[in-house]
>>> print(open('data.txt').read())   # compact mmCIF, N, CA and C atoms
# COMPACT_ATOMS: atom_id res chain seq x y z
N MET A 1 -59.11 -32.35 61.56
CA MET A 1 -58.96 -33.75 61.22
C MET A 1 -57.48 -34.03 60.94
N SER A 2 -56.99 -35.07 61.54
CA SER A 2 -55.58 -35.42 61.36
C SER A 2 -55.38 -36.11 60.01
N VAL A 3 -54.14 -36.16 59.59
CA VAL A 3 -53.77 -36.84 58.35
C VAL A 3 -54.18 -38.31 58.44
N PHE A 4 -53.96 -38.88 59.61
CA PHE A 4 -54.32 -40.29 59.83
C PHE A 4 -55.80 -40.51 59.59
N GLU A 5 -56.64 -39.63 60.14
CA GLU A 5 -58.10 -39.75 59.94
C GLU A 5 -58.48 -39.57 58.48
N LYS A 6 -57.77 -38.69 57.78
CA LYS A 6 -58.06 -38.49 56.36
C LYS A 6 -57.77 -39.75 55.55
N VAL A 7 -56.72 -40.45 55.91
CA VAL A 7 -56.33 -41.65 55.18
C VAL A 7 -57.19 -42.85 55.59
N ILE A 8 -57.36 -43.06 56.87
CA ILE A 8 -58.05 -44.24 57.39
C ILE A 8 -59.57 -44.03 57.47
N GLY A 9 -59.98 -42.84 57.81
CA GLY A 9 -61.41 -42.57 57.95
C GLY A 9 -61.77 -42.26 59.39
N ASP A 10 -63.03 -41.94 59.56
CA ASP A 10 -63.54 -41.57 60.88
C ASP A 10 -63.78 -42.84 61.70
N PHE A 11 -63.12 -42.92 62.83
CA PHE A 11 -63.27 -44.10 63.68
C PHE A 11 -64.60 -44.12 64.41
N ASP A 12 -65.19 -42.96 64.65
CA ASP A 12 -66.46 -42.92 65.35
C ASP A 12 -67.54 -43.66 64.57
N GLY A 13 -67.61 -43.42 63.28
CA GLY A 13 -68.60 -44.11 62.45
C GLY A 13 -68.39 -45.61 62.43
N LYS A 14 -67.15 -46.02 62.35
CA LYS A 14 -66.82 -47.45 62.36
C LYS A 14 -67.18 -48.08 63.70
N ARG A 15 -66.87 -47.35 64.77
CA ARG A 15 -67.19 -47.86 66.11
C ARG A 15 -68.70 -48.01 66.28
N ARG A 16 -69.43 -47.00 65.82
CA ARG A 16 -70.89 -47.05 65.93
C ARG A 16 -71.47 -48.20 65.11
N TRP A 17 -70.92 -48.45 63.92
CA TRP A 17 -71.41 -49.55 63.09
C TRP A 17 -71.14 -50.90 63.76
N ARG A 18 -69.92 -51.07 64.31
CA ARG A 18 -69.61 -52.33 65.00
C ARG A 18 -70.51 -52.53 66.21
N ASN A 19 -70.79 -51.45 66.93
CA ASN A 19 -71.67 -51.53 68.09
C ASN A 19 -73.09 -51.92 67.65
N TYR A 20 -73.57 -51.30 66.59
CA TYR A 20 -74.89 -51.63 66.06
C TYR A 20 -74.96 -53.11 65.66
N ARG A 21 -73.94 -53.59 64.95
CA ARG A 21 -73.93 -55.00 64.50
C ARG A 21 -73.90 -55.96 65.69
N ALA A 22 -73.19 -55.59 66.75
CA ALA A 22 -73.17 -56.43 67.96
C ALA A 22 -74.55 -56.45 68.61
N ARG A 23 -75.21 -55.31 68.64
CA ARG A 23 -76.57 -55.25 69.19
C ARG A 23 -77.53 -56.08 68.35
N LEU A 24 -77.36 -56.03 67.04
CA LEU A 24 -78.21 -56.82 66.14
C LEU A 24 -78.03 -58.31 66.43
N LYS A 25 -76.80 -58.72 66.58
CA LYS A 25 -76.49 -60.13 66.84
C LYS A 25 -77.10 -60.59 68.17
N ALA A 26 -77.24 -59.69 69.12
CA ALA A 26 -77.76 -60.04 70.44
C ALA A 26 -79.29 -60.11 70.50
N LEU A 27 -79.96 -59.60 69.47
CA LEU A 27 -81.43 -59.65 69.46
C LEU A 27 -81.93 -61.08 69.31
N PRO A 28 -83.11 -61.38 69.88
CA PRO A 28 -83.72 -62.69 69.61
C PRO A 28 -83.97 -62.84 68.11
N ALA A 29 -83.90 -64.06 67.62
CA ALA A 29 -83.93 -64.35 66.19
C ALA A 29 -85.04 -63.64 65.41
N PRO A 30 -86.30 -63.67 65.82
CA PRO A 30 -87.32 -63.01 64.98
C PRO A 30 -87.09 -61.51 64.84
N TYR A 31 -86.68 -60.86 65.92
CA TYR A 31 -86.42 -59.42 65.88
C TYR A 31 -85.18 -59.13 65.04
N ARG A 32 -84.17 -59.98 65.17
CA ARG A 32 -82.94 -59.83 64.38
C ARG A 32 -83.25 -59.94 62.89
N THR A 33 -84.10 -60.88 62.53
CA THR A 33 -84.48 -61.06 61.13
C THR A 33 -85.20 -59.82 60.61
N ALA A 34 -86.11 -59.28 61.41
CA ALA A 34 -86.86 -58.09 61.00
C ALA A 34 -85.93 -56.89 60.83
N VAL A 35 -85.07 -56.64 61.80
CA VAL A 35 -84.15 -55.50 61.73
C VAL A 35 -83.20 -55.67 60.54
N ALA A 36 -82.71 -56.88 60.32
CA ALA A 36 -81.81 -57.12 59.18
C ALA A 36 -82.53 -56.83 57.86
N GLY A 37 -83.81 -57.17 57.79
CA GLY A 37 -84.58 -56.85 56.59
C GLY A 37 -84.72 -55.36 56.38
N PHE A 38 -85.01 -54.63 57.45
CA PHE A 38 -85.12 -53.17 57.35
C PHE A 38 -83.77 -52.55 57.02
N GLU A 39 -82.71 -53.08 57.62
CA GLU A 39 -81.36 -52.58 57.33
C GLU A 39 -81.07 -52.73 55.84
N HIS A 40 -81.34 -53.90 55.30
CA HIS A 40 -81.11 -54.16 53.88
C HIS A 40 -81.89 -53.16 53.03
N TYR A 41 -83.15 -52.97 53.36
CA TYR A 41 -83.99 -52.04 52.61
C TYR A 41 -83.41 -50.62 52.65
N LEU A 42 -83.05 -50.17 53.85
CA LEU A 42 -82.52 -48.82 54.00
C LEU A 42 -81.19 -48.64 53.25
N MET A 43 -80.38 -49.67 53.25
CA MET A 43 -79.09 -49.58 52.56
C MET A 43 -79.27 -49.48 51.05
N TYR A 44 -80.24 -50.20 50.52
CA TYR A 44 -80.38 -50.28 49.07
C TYR A 44 -81.46 -49.37 48.50
N PHE A 45 -82.51 -49.11 49.26
CA PHE A 45 -83.63 -48.35 48.71
C PHE A 45 -83.97 -47.11 49.53
N GLY A 46 -83.34 -46.96 50.67
CA GLY A 46 -83.72 -45.88 51.56
C GLY A 46 -83.17 -44.53 51.19
N ALA A 47 -82.10 -44.49 50.42
CA ALA A 47 -81.47 -43.24 50.02
C ALA A 47 -81.24 -42.34 51.23
N ILE A 48 -80.64 -42.92 52.25
CA ILE A 48 -80.36 -42.16 53.47
C ILE A 48 -78.89 -41.81 53.52
N SER A 49 -78.55 -40.93 54.42
CA SER A 49 -77.16 -40.56 54.58
C SER A 49 -76.40 -41.68 55.28
N SER A 50 -75.12 -41.48 55.41
CA SER A 50 -74.31 -42.47 56.11
C SER A 50 -74.41 -42.33 57.62
N ASP A 51 -75.26 -41.47 58.10
CA ASP A 51 -75.45 -41.28 59.53
C ASP A 51 -76.03 -42.55 60.14
N MET A 52 -75.46 -42.97 61.23
CA MET A 52 -75.88 -44.20 61.90
C MET A 52 -77.15 -44.04 62.71
N THR A 53 -77.61 -42.83 62.92
CA THR A 53 -78.73 -42.58 63.83
C THR A 53 -79.96 -43.39 63.48
N ILE A 54 -80.31 -43.49 62.22
CA ILE A 54 -81.52 -44.23 61.84
C ILE A 54 -81.41 -45.70 62.24
N PHE A 55 -80.24 -46.30 62.05
CA PHE A 55 -80.05 -47.70 62.42
C PHE A 55 -80.08 -47.88 63.94
N GLU A 56 -79.44 -46.96 64.65
CA GLU A 56 -79.43 -47.03 66.11
C GLU A 56 -80.83 -46.85 66.68
N ASP A 57 -81.61 -45.93 66.11
CA ASP A 57 -82.97 -45.72 66.59
C ASP A 57 -83.87 -46.91 66.28
N LEU A 58 -83.68 -47.51 65.11
CA LEU A 58 -84.43 -48.71 64.76
C LEU A 58 -84.08 -49.83 65.74
N MET A 59 -82.81 -49.95 66.05
CA MET A 59 -82.37 -50.97 67.00
C MET A 59 -82.97 -50.72 68.38
N ASP A 60 -82.98 -49.46 68.83
CA ASP A 60 -83.59 -49.13 70.12
C ASP A 60 -85.04 -49.61 70.16
N LEU A 61 -85.78 -49.32 69.10
CA LEU A 61 -87.19 -49.71 69.02
C LEU A 61 -87.36 -51.22 69.14
N PHE A 62 -86.56 -51.98 68.40
CA PHE A 62 -86.71 -53.43 68.41
C PHE A 62 -86.15 -54.06 69.69
N GLU A 63 -85.14 -53.46 70.28
CA GLU A 63 -84.64 -53.97 71.57
C GLU A 63 -85.71 -53.80 72.64
N ARG A 64 -86.36 -52.62 72.66
CA ARG A 64 -87.43 -52.41 73.63
C ARG A 64 -88.59 -53.37 73.40
N ALA A 65 -88.94 -53.56 72.15
CA ALA A 65 -90.04 -54.47 71.82
C ALA A 65 -89.71 -55.90 72.25
N ALA A 66 -88.48 -56.33 72.00
CA ALA A 66 -88.08 -57.67 72.40
C ALA A 66 -88.13 -57.82 73.92
N ALA A 67 -87.66 -56.81 74.63
CA ALA A 67 -87.68 -56.85 76.10
C ALA A 67 -89.10 -56.88 76.64
N ASP A 68 -90.01 -56.17 75.97
CA ASP A 68 -91.41 -56.11 76.41
C ASP A 68 -92.24 -57.26 75.88
N GLY A 69 -91.70 -58.03 74.95
CA GLY A 69 -92.45 -59.12 74.34
C GLY A 69 -93.47 -58.65 73.31
N THR A 70 -93.28 -57.45 72.77
CA THR A 70 -94.18 -56.92 71.76
C THR A 70 -93.95 -57.67 70.45
N SER A 71 -95.04 -58.07 69.80
CA SER A 71 -94.88 -58.81 68.55
C SER A 71 -94.36 -57.88 67.44
N ILE A 72 -93.70 -58.47 66.50
CA ILE A 72 -93.15 -57.70 65.38
C ILE A 72 -94.28 -57.05 64.60
N ARG A 73 -95.38 -57.77 64.41
CA ARG A 73 -96.52 -57.21 63.67
C ARG A 73 -97.12 -56.01 64.42
N ASP A 74 -97.08 -56.04 65.74
CA ASP A 74 -97.56 -54.87 66.51
C ASP A 74 -96.65 -53.66 66.31
N ILE A 75 -95.39 -53.89 66.01
CA ILE A 75 -94.45 -52.79 65.77
C ILE A 75 -94.65 -52.23 64.37
N VAL A 76 -94.64 -53.11 63.37
CA VAL A 76 -94.61 -52.65 61.99
C VAL A 76 -95.99 -52.54 61.34
N GLY A 77 -97.01 -53.10 61.96
CA GLY A 77 -98.34 -53.04 61.39
C GLY A 77 -98.49 -54.01 60.23
N ASP A 78 -99.51 -53.80 59.42
CA ASP A 78 -99.81 -54.70 58.31
C ASP A 78 -98.91 -54.51 57.10
N ASP A 79 -98.30 -53.34 57.00
CA ASP A 79 -97.49 -53.04 55.82
C ASP A 79 -96.08 -52.63 56.25
N PRO A 80 -95.13 -53.55 56.22
CA PRO A 80 -93.76 -53.22 56.63
C PRO A 80 -93.13 -52.11 55.78
N LEU A 81 -93.47 -52.05 54.51
CA LEU A 81 -92.94 -51.00 53.65
C LEU A 81 -93.42 -49.62 54.11
N GLU A 82 -94.70 -49.52 54.42
CA GLU A 82 -95.24 -48.25 54.92
C GLU A 82 -94.56 -47.88 56.24
N PHE A 83 -94.34 -48.88 57.10
CA PHE A 83 -93.67 -48.62 58.38
C PHE A 83 -92.29 -48.01 58.17
N ILE A 84 -91.46 -48.66 57.33
CA ILE A 84 -90.08 -48.19 57.18
C ILE A 84 -90.02 -46.87 56.42
N GLU A 85 -90.92 -46.68 55.47
CA GLU A 85 -90.95 -45.40 54.75
C GLU A 85 -91.34 -44.27 55.71
N THR A 86 -92.31 -44.51 56.57
CA THR A 86 -92.72 -43.50 57.56
C THR A 86 -91.58 -43.28 58.57
N PHE A 87 -90.95 -44.35 59.00
CA PHE A 87 -89.85 -44.26 59.95
C PHE A 87 -88.72 -43.41 59.39
N LYS A 88 -88.35 -43.64 58.15
CA LYS A 88 -87.20 -42.92 57.58
C LYS A 88 -87.50 -41.46 57.27
N GLN A 89 -88.76 -41.08 57.22
CA GLN A 89 -89.10 -39.68 56.96
C GLN A 89 -88.60 -38.76 58.07
N SER A 90 -88.36 -39.30 59.24
CA SER A 90 -87.85 -38.50 60.35
C SER A 90 -86.36 -38.17 60.18
N TYR A 91 -85.72 -38.80 59.22
CA TYR A 91 -84.29 -38.63 59.04
C TYR A 91 -84.05 -37.91 57.72
N VAL A 92 -83.66 -36.68 57.83
CA VAL A 92 -83.49 -35.84 56.65
C VAL A 92 -82.24 -36.27 55.90
N PRO A 93 -82.38 -36.57 54.61
CA PRO A 93 -81.18 -36.90 53.85
C PRO A 93 -80.27 -35.69 53.72
N ASP A 94 -78.99 -35.95 53.58
CA ASP A 94 -78.05 -34.84 53.44
C ASP A 94 -77.23 -35.02 52.18
N GLY A 95 -76.43 -34.04 51.91
CA GLY A 95 -75.52 -34.12 50.78
C GLY A 95 -76.23 -34.25 49.45
N TRP A 96 -75.69 -35.09 48.59
CA TRP A 96 -76.21 -35.21 47.23
C TRP A 96 -77.62 -35.74 47.19
N VAL A 97 -78.01 -36.56 48.17
CA VAL A 97 -79.37 -37.11 48.18
C VAL A 97 -80.38 -35.99 48.34
N ALA A 98 -80.14 -35.08 49.28
CA ALA A 98 -81.05 -33.96 49.49
C ALA A 98 -81.12 -33.08 48.25
N LYS A 99 -79.98 -32.87 47.62
CA LYS A 99 -79.95 -32.05 46.40
C LYS A 99 -80.77 -32.71 45.29
N GLU A 100 -80.65 -34.02 45.15
CA GLU A 100 -81.41 -34.72 44.11
C GLU A 100 -82.90 -34.73 44.42
N HIS A 101 -83.26 -34.86 45.69
CA HIS A 101 -84.68 -34.77 46.08
C HIS A 101 -85.23 -33.41 45.69
N LYS A 102 -84.46 -32.35 45.97
CA LYS A 102 -84.91 -31.00 45.65
C LYS A 102 -85.01 -30.80 44.14
N LYS A 103 -84.04 -31.32 43.39
CA LYS A 103 -84.09 -31.20 41.93
C LYS A 103 -85.34 -31.87 41.37
N LEU A 104 -85.67 -33.03 41.89
CA LEU A 104 -86.86 -33.74 41.42
C LEU A 104 -88.12 -32.95 41.75
N ALA A 105 -88.22 -32.46 42.98
CA ALA A 105 -89.39 -31.67 43.37
C ALA A 105 -89.51 -30.41 42.52
N ASP A 106 -88.39 -29.75 42.26
CA ASP A 106 -88.40 -28.54 41.43
C ASP A 106 -88.81 -28.85 39.99
N ALA A 107 -88.33 -29.97 39.45
CA ALA A 107 -88.68 -30.35 38.07
C ALA A 107 -90.18 -30.61 37.95
N ILE A 108 -90.75 -31.29 38.92
CA ILE A 108 -92.19 -31.57 38.90
C ILE A 108 -92.98 -30.28 39.04
N ALA A 109 -92.53 -29.38 39.89
CA ALA A 109 -93.21 -28.08 40.05
C ALA A 109 -93.16 -27.29 38.75
N ARG A 110 -92.02 -27.29 38.05
CA ARG A 110 -91.90 -26.61 36.76
C ARG A 110 -92.84 -27.24 35.73
N ALA A 111 -92.86 -28.55 35.69
CA ALA A 111 -93.73 -29.26 34.74
C ALA A 111 -95.19 -28.93 35.01
N GLU A 112 -95.54 -28.85 36.26
CA GLU A 112 -96.92 -28.53 36.63
C GLU A 112 -97.27 -27.11 36.19
N ARG A 113 -96.35 -26.17 36.39
CA ARG A 113 -96.57 -24.79 35.96
C ARG A 113 -96.71 -24.72 34.44
N GLU A 114 -95.83 -25.43 33.74
CA GLU A 114 -95.89 -25.43 32.27
C GLU A 114 -97.20 -26.03 31.77
N GLN A 115 -97.67 -27.04 32.42
CA GLN A 115 -98.92 -27.67 32.01
C GLN A 115 -100.12 -26.75 32.25
N GLY A 116 -100.04 -25.97 33.31
CA GLY A 116 -101.13 -25.06 33.65
C GLY A 116 -101.17 -23.83 32.78
N SER A 117 -100.09 -23.54 32.05
CA SER A 117 -100.00 -22.32 31.23
C SER A 117 -100.78 -22.43 29.95
>>> encode(input="data.txt", output="structure tokens")
Amino acid sequence: MSVFEKVIGDFDGKRRWRNYRARLKALPAPYRTAVAGFEHYLMYFGAISSDMTIFEDLMDLFERAAADGTSIRDIVGDDPLEFIETFKQSYVPDGWVAKEHKKLADAIARAEREQGS
């Protein structure tokens, strides 16, 4: 990594984000609204890494659906929260998020063992 990249940051991530936002803007309004809602949820409640893959894959899904004329409800089902939670399970968190997930799981396992003793 060059000194410039250390100071300014990774341009690939920025390029991918700008590309994603352009794709979002190009979606038909109902699909754009749905993806923007999922984006908001993932940013604030998803506890995902900074990897763009989840957003790009979500965009791929909605772009295909828009092209095919698939209704949003046919994509997400009756429970949008269940849809996005299931969708994000395919994306393994990294860094501190994964460590905190493991700490929580370990704490519950310890508590369960202590209760059983």
>>> atom_distance(input="data.txt", atom1="atom C of Trp96 in chain A", atom2="atom N of Arg23 in chain A")
29.1 Å
>>> residues_around(input="data.txt", residues="range 52-56 of chain A", least_positions_apart="4", cutoff="8 Å", atoms="only C-alpha atoms", output="number ranges by chain")
A: 13, 16-17, 20, 39, 60, 88, 91
>>> closest_residue(input="data.txt", among="A:Met43, A:Met59, A:Val76, A:Leu81", to="Leu24 in chain A", atoms="all atoms listed in the file")
A:Met59
>>> atom_distance(input="data.txt", atom1="atom N of Glu112 in chain A", atom2="atom C of Ser90 in chain A")
27.3 Å
>>> atom_distance(input="data.txt", atom1="CA of Arg18 in chain A", atom2="atom N of Glu85 in chain A")
24.0 Å
>>> closest_residue(input="data.txt", among="A:Leu27, A:Ala36, A:Ala105, A:Leu42", to="Glu63 in chain A", atoms="only C-alpha atoms")
A:Leu27
>>> axis_aligned_box(input="data.txt", around="range 56-67 of chain A", padding_each_side="8 Å", output="JSON")
{"center_x": -84.7, "center_y": -51.8, "center_z": 70.6, "size_x": 26.6, "size_y": 28.1, "size_z": 28.0}
>>> select_by_dssp(input="data.txt", residues="chain A", states="helix (DSSP H, G or I)", output="ChimeraX atom specification")
/A:3-8,11-26,29-45,53-68,72-76,80-88,95-116
>>> closest_residue(input="data.txt", among="A:Leu58, A:Glu114, A:Glu82, A:Ile108", to="Ala34 in chain A", atoms="only C-alpha atoms")
A:Leu58
>>> build_atoms(input="data.txt", residues="range 53-64 of chain A", atoms="all heavy atoms", output="PDB file, in the frame of the given file")
ATOM      1  N   THR A  53     -77.610 -42.830  62.920  1.00  0.00           N
ATOM      2  CA  THR A  53     -78.730 -42.580  63.830  1.00  0.00           C
ATOM      3  C   THR A  53     -79.960 -43.390  63.480  1.00  0.00           C
ATOM      4  O   THR A  53     -80.603 -43.945  64.371  1.00  0.00           O
ATOM      5  CB  THR A  53     -79.068 -41.077  63.861  1.00  0.00           C
ATOM      6  OG1 THR A  53     -77.883 -40.349  64.163  1.00  0.00           O
ATOM      7  CG2 THR A  53     -80.119 -40.779  64.897  1.00  0.00           C
ATOM      8  N   ILE A  54     -80.310 -43.490  62.220  1.00  0.00           N
ATOM      9  CA  ILE A  54     -81.520 -44.230  61.840  1.00  0.00           C
ATOM     10  C   ILE A  54     -81.410 -45.700  62.240  1.00  0.00           C
ATOM     11  O   ILE A  54     -82.372 -46.284  62.730  1.00  0.00           O
ATOM     12  CB  ILE A  54     -81.851 -44.069  60.338  1.00  0.00           C
ATOM     13  CG1 ILE A  54     -83.260 -44.612  60.059  1.00  0.00           C
ATOM     14  CG2 ILE A  54     -80.801 -44.719  59.465  1.00  0.00           C
ATOM     15  CD1 ILE A  54     -83.793 -44.265  58.690  1.00  0.00           C
ATOM     16  N   PHE A  55     -80.240 -46.300  62.050  1.00  0.00           N
ATOM     17  CA  PHE A  55     -80.050 -47.700  62.420  1.00  0.00           C
ATOM     18  C   PHE A  55     -80.080 -47.880  63.940  1.00  0.00           C
ATOM     19  O   PHE A  55     -80.669 -48.832  64.445  1.00  0.00           O
ATOM     20  CB  PHE A  55     -78.742 -48.245  61.850  1.00  0.00           C
ATOM     21  CG  PHE A  55     -78.706 -48.237  60.354  1.00  0.00           C
ATOM     22  CD1 PHE A  55     -77.923 -47.327  59.677  1.00  0.00           C
ATOM     23  CD2 PHE A  55     -79.476 -49.128  59.622  1.00  0.00           C
ATOM     24  CE1 PHE A  55     -77.887 -47.316  58.291  1.00  0.00           C
ATOM     25  CE2 PHE A  55     -79.452 -49.122  58.235  1.00  0.00           C
ATOM     26  CZ  PHE A  55     -78.657 -48.206  57.562  1.00  0.00           C
ATOM     27  N   GLU A  56     -79.440 -46.960  64.650  1.00  0.00           N
ATOM     28  CA  GLU A  56     -79.430 -47.030  66.110  1.00  0.00           C
ATOM     29  C   GLU A  56     -80.830 -46.850  66.680  1.00  0.00           C
ATOM     30  O   GLU A  56     -81.223 -47.557  67.612  1.00  0.00           O
ATOM     31  CB  GLU A  56     -78.474 -45.975  66.669  1.00  0.00           C
ATOM     32  CG  GLU A  56     -77.021 -46.279  66.340  1.00  0.00           C
ATOM     33  CD  GLU A  56     -76.092 -45.097  66.552  1.00  0.00           C
ATOM     34  OE1 GLU A  56     -76.545 -43.929  66.489  1.00  0.00           O
ATOM     35  OE2 GLU A  56     -74.899 -45.357  66.775  1.00  0.00           O
ATOM     36  N   ASP A  57     -81.610 -45.930  66.110  1.00  0.00           N
ATOM     37  CA  ASP A  57     -82.970 -45.720  66.590  1.00  0.00           C
ATOM     38  C   ASP A  57     -83.870 -46.910  66.280  1.00  0.00           C
ATOM     39  O   ASP A  57     -84.709 -47.303  67.088  1.00  0.00           O
ATOM     40  CB  ASP A  57     -83.567 -44.443  66.001  1.00  0.00           C
ATOM     41  CG  ASP A  57     -82.914 -43.183  66.549  1.00  0.00           C
ATOM     42  OD1 ASP A  57     -82.116 -43.290  67.517  1.00  0.00           O
ATOM     43  OD2 ASP A  57     -83.184 -42.095  66.008  1.00  0.00           O
ATOM     44  N   LEU A  58     -83.680 -47.510  65.110  1.00  0.00           N
ATOM     45  CA  LEU A  58     -84.430 -48.710  64.760  1.00  0.00           C
ATOM     46  C   LEU A  58     -84.080 -49.830  65.740  1.00  0.00           C
ATOM     47  O   LEU A  58     -84.966 -50.558  66.210  1.00  0.00           O
ATOM     48  CB  LEU A  58     -84.117 -49.117  63.324  1.00  0.00           C
ATOM     49  CG  LEU A  58     -84.947 -50.238  62.732  1.00  0.00           C
ATOM     50  CD1 LEU A  58     -86.410 -49.835  62.602  1.00  0.00           C
ATOM     51  CD2 LEU A  58     -84.392 -50.628  61.366  1.00  0.00           C
ATOM     52  N   MET A  59     -82.810 -49.950  66.050  1.00  0.00           N
ATOM     53  CA  MET A  59     -82.370 -50.970  67.000  1.00  0.00           C
ATOM     54  C   MET A  59     -82.970 -50.720  68.380  1.00  0.00           C
ATOM     55  O   MET A  59     -83.445 -51.658  69.035  1.00  0.00           O
ATOM     56  CB  MET A  59     -80.832 -50.976  67.087  1.00  0.00           C
ATOM     57  CG  MET A  59     -80.277 -52.044  68.009  1.00  0.00           C
ATOM     58  SD  MET A  59     -80.718 -53.725  67.527  1.00  0.00           S
ATOM     59  CE  MET A  59     -79.829 -53.847  65.989  1.00  0.00           C
ATOM     60  N   ASP A  60     -82.980 -49.460  68.830  1.00  0.00           N
ATOM     61  CA  ASP A  60     -83.590 -49.130  70.120  1.00  0.00           C
ATOM     62  C   ASP A  60     -85.040 -49.610  70.160  1.00  0.00           C
ATOM     63  O   ASP A  60     -85.493 -50.211  71.139  1.00  0.00           O
ATOM     64  CB  ASP A  60     -83.567 -47.623  70.379  1.00  0.00           C
ATOM     65  CG  ASP A  60     -82.181 -47.072  70.665  1.00  0.00           C
ATOM     66  OD1 ASP A  60     -81.270 -47.870  70.990  1.00  0.00           O
ATOM     67  OD2 ASP A  60     -82.005 -45.845  70.554  1.00  0.00           O
ATOM     68  N   LEU A  61     -85.780 -49.320  69.100  1.00  0.00           N
ATOM     69  CA  LEU A  61     -87.190 -49.710  69.020  1.00  0.00           C
ATOM     70  C   LEU A  61     -87.360 -51.220  69.140  1.00  0.00           C
ATOM     71  O   LEU A  61     -88.177 -51.707  69.929  1.00  0.00           O
ATOM     72  CB  LEU A  61     -87.787 -49.214  67.692  1.00  0.00           C
ATOM     73  CG  LEU A  61     -89.223 -49.639  67.394  1.00  0.00           C
ATOM     74  CD1 LEU A  61     -90.189 -49.010  68.387  1.00  0.00           C
ATOM     75  CD2 LEU A  61     -89.589 -49.245  65.970  1.00  0.00           C
ATOM     76  N   PHE A  62     -86.560 -51.980  68.400  1.00  0.00           N
ATOM     77  CA  PHE A  62     -86.710 -53.430  68.410  1.00  0.00           C
ATOM     78  C   PHE A  62     -86.150 -54.060  69.690  1.00  0.00           C
ATOM     79  O   PHE A  62     -86.677 -55.083  70.146  1.00  0.00           O
ATOM     80  CB  PHE A  62     -86.093 -54.046  67.159  1.00  0.00           C
ATOM     81  CG  PHE A  62     -87.049 -54.019  65.996  1.00  0.00           C
ATOM     82  CD1 PHE A  62     -87.152 -52.895  65.198  1.00  0.00           C
ATOM     83  CD2 PHE A  62     -87.870 -55.098  65.733  1.00  0.00           C
ATOM     84  CE1 PHE A  62     -88.054 -52.851  64.140  1.00  0.00           C
ATOM     85  CE2 PHE A  62     -88.776 -55.066  64.682  1.00  0.00           C
ATOM     86  CZ  PHE A  62     -88.874 -53.941  63.878  1.00  0.00           C
ATOM     87  N   GLU A  63     -85.140 -53.460  70.280  1.00  0.00           N
ATOM     88  CA  GLU A  63     -84.640 -53.970  71.570  1.00  0.00           C
ATOM     89  C   GLU A  63     -85.710 -53.800  72.640  1.00  0.00           C
ATOM     90  O   GLU A  63     -85.950 -54.709  73.442  1.00  0.00           O
ATOM     91  CB  GLU A  63     -83.365 -53.244  71.977  1.00  0.00           C
ATOM     92  CG  GLU A  63     -82.139 -53.704  71.239  1.00  0.00           C
ATOM     93  CD  GLU A  63     -80.901 -52.884  71.559  1.00  0.00           C
ATOM     94  OE1 GLU A  63     -81.021 -51.708  71.970  1.00  0.00           O
ATOM     95  OE2 GLU A  63     -79.790 -53.425  71.374  1.00  0.00           O
ATOM     96  N   ARG A  64     -86.360 -52.620  72.660  1.00  0.00           N
ATOM     97  CA  ARG A  64     -87.430 -52.410  73.630  1.00  0.00           C
ATOM     98  C   ARG A  64     -88.590 -53.370  73.400  1.00  0.00           C
ATOM     99  O   ARG A  64     -89.158 -53.916  74.342  1.00  0.00           O
ATOM    100  CB  ARG A  64     -87.938 -50.967  73.584  1.00  0.00           C
ATOM    101  CG  ARG A  64     -87.067 -50.035  74.409  1.00  0.00           C
ATOM    102  CD  ARG A  64     -87.618 -48.632  74.451  1.00  0.00           C
ATOM    103  NE  ARG A  64     -86.850 -47.907  73.420  1.00  0.00           N
ATOM    104  CZ  ARG A  64     -87.337 -47.074  72.535  1.00  0.00           C
ATOM    105  NH1 ARG A  64     -88.596 -46.770  72.532  1.00  0.00           N
ATOM    106  NH2 ARG A  64     -86.562 -46.495  71.654  1.00  0.00           N
TER     107      ARG A  64
END
